[in-house]
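**Q** A single structure is presented below for examination.
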Amino acid sequence: MIAHDIIIRPIITEKSMMGAVDKKYTFEVAKTANKIEIAKACEEIFGVKVAKVNTVNVRGQYRRQRYKGGYTRSWKKAIVTLTPDSKNIEFFEGMM
């Protein structure tokens with residue numbers, strides 16, 4: 001897989017921005033990607049050194065539209081921790 005196919009988008013929430021102070025960045029990633037692929041993709045795209053990767057499978061939530069119900073899509077979230085000597089990701093700098 002190509003690096004841009006693995007990392008789909010950054011997650012911009014209040015909680016994820018608090019982690020960015022400690023060099024922990026949150027991304028939505030491909031459901032089939034493993035931790036090694038996610039780390040290599042981050043290093044390739046952003047030019048940083050990755051210390052570790054934590055992943056979470058997020059289940060779809062039940063939503064109702066009038067009389068019918070269904071589930072939102074499920075997705076995979078990755079929390080990427082950078083090494084202390086690594087530079088920050090510039091995309092998140094403007095958000096804080």
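Going through the structure tokens in order, the chains are called A, B, and so on, while each chain numbers its residues from 1 and the ligands are numbered from 1 in the order shown.
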Just list as a list in words whatever in segment 26-94 of chain A DSSP marks as helix (DSSP H, G or I).

**A**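 Going through segment 26-94 of chain A, the helix (DSSP H, G or I) residues come out as Lys35, Ile36, Glu37, Ile38, Ala39, Lys40, Ala41, Cys42, Glu43, Glu44, Ile45, Phe46, Glu90, Phe91, Phe92 and Glu93 of chain A.
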
**Q** So that I have them on file, write out the residues from the current selection with C-alpha atoms, as a CSV table (one decimal), in the first residue's frame.

**A**
```
chain,number,residue,atom,x,y,z
A,35,LYS,CA,1.3,-0.8,13.3
A,36,ILE,CA,4.5,-1.2,11.3
A,37,GLU,CA,2.9,0.0,8.1
A,38,ILE,CA,1.4,3.0,9.9
A,39,ALA,CA,4.7,4.0,11.4
A,40,LYS,CA,6.5,3.8,8.0
A,41,ALA,CA,3.8,5.8,6.4
A,42,CYS,CA,4.1,8.6,9.0
A,43,GLU,CA,7.8,8.7,8.7
A,44,GLU,CA,7.5,8.9,4.9
A,45,ILE,CA,4.8,11.5,4.7
A,46,PHE,CA,5.8,13.8,7.5
A,90,GLU,CA,3.6,21.1,11.0
A,91,PHE,CA,0.0,20.4,10.2
A,92,PHE,CA,-0.9,20.2,13.9
A,93,GLU,CA,1.1,23.3,14.8
```

**Q** Name the residues in contact with segment 70-77 of chain A at a cut-off of 7 Å, using only C-alpha atoms, excluding same-chain residues fewer than 4 positions from it; report them as number ranges by chain.

**A** A: 27-31, 55-64

**Q** The selected residues should be written to file as a PDB file, in the first residue's frame (atoms: C-alpha atoms).

**A**
```
ATOM      1  CA  PHE A  27      -5.047   9.721  12.529  1.00  0.00           C
ATOM      2  CA  GLU A  28      -7.776   7.744  10.808  1.00  0.00           C
ATOM      3  CA  VAL A  29      -6.034   4.883   9.024  1.00  0.00           C
ATOM      4  CA  ALA A  30      -6.944   2.040   6.678  1.00  0.00           C
ATOM      5  CA  LYS A  31      -8.664  -0.847   8.458  1.00  0.00           C
ATOM      6  CA  THR A  55      -4.432   1.399  17.282  1.00  0.00           C
ATOM      7  CA  VAL A  56      -8.150   1.319  18.106  1.00  0.00           C
ATOM      8  CA  ASN A  57     -10.954  -0.199  16.044  1.00  0.00           C
ATOM      9  CA  VAL A  58     -13.916   2.187  16.335  1.00  0.00           C
ATOM     10  CA  ARG A  59     -17.312   0.520  15.970  1.00  0.00           C
ATOM     11  CA  GLY A  60     -20.093   2.141  13.982  1.00  0.00           C
ATOM     12  CA  GLN A  61     -22.801   3.769  16.071  1.00  0.00           C
ATOM     13  CA  TYR A  62     -26.515   3.105  15.691  1.00  0.00           C
ATOM     14  CA  ARG A  63     -28.355   6.087  14.183  1.00  0.00           C
ATOM     15  CA  ARG A  64     -32.031   6.532  13.366  1.00  0.00           C
TER      16      ARG A  64
END
```

**Q** When you draw a straight line from atom CA of Val21 of chain A to atom CA of Asn34 of chain A, how long is it in Å?

**A**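 Atom CA of Val21 of chain A sits 24.9 Å away from atom CA of Asn34 of chain A.
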
**Q** Check chain A with DSSP on the backbone and list each residue it calls strand (DSSP E or B), as a ChimeraX atom specification.

**A** /A:7-10,24-29,50-58,62-65,68-71,75-82

**Q** For Leu82 of chain A, which of A:Ile12, A:Lys52, A:Ala33, A:Met1 is the closest residue, counting only C-alpha atoms?

**A**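 The closest residue to Leu82 of chain A is A:Lys52.
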
**Q** To one decimal place in Å, what is the distance between atom CA of Met17 of chain A and atom CA of Ile2 of chain A?

**A**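 Interatomic distance, atom CA of Met17 of chain A to atom CA of Ile2 of chain A: 26.4 Å.
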
**Q** What gap, in Å, lies between atom CA of Gln65 of chain A and atom CA of Ile11 of chain A?

**A**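 Separation of atom CA of Gln65 of chain A and atom CA of Ile11 of chain A: 25.8 Å.
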
**Q** Residues near Ser16 of chain A, anyone? I mean within 12 Å using only C-alpha atoms, not counting same-chain ones fewer than 2 positions away, as JSON, numbers by chain.

**A** {"A": [10, 11, 12, 13, 14, 18, 19, 20, 21, 22, 23, 24, 25, 26, 27, 28, 77, 78, 79, 80, 81, 92, 95, 96]}
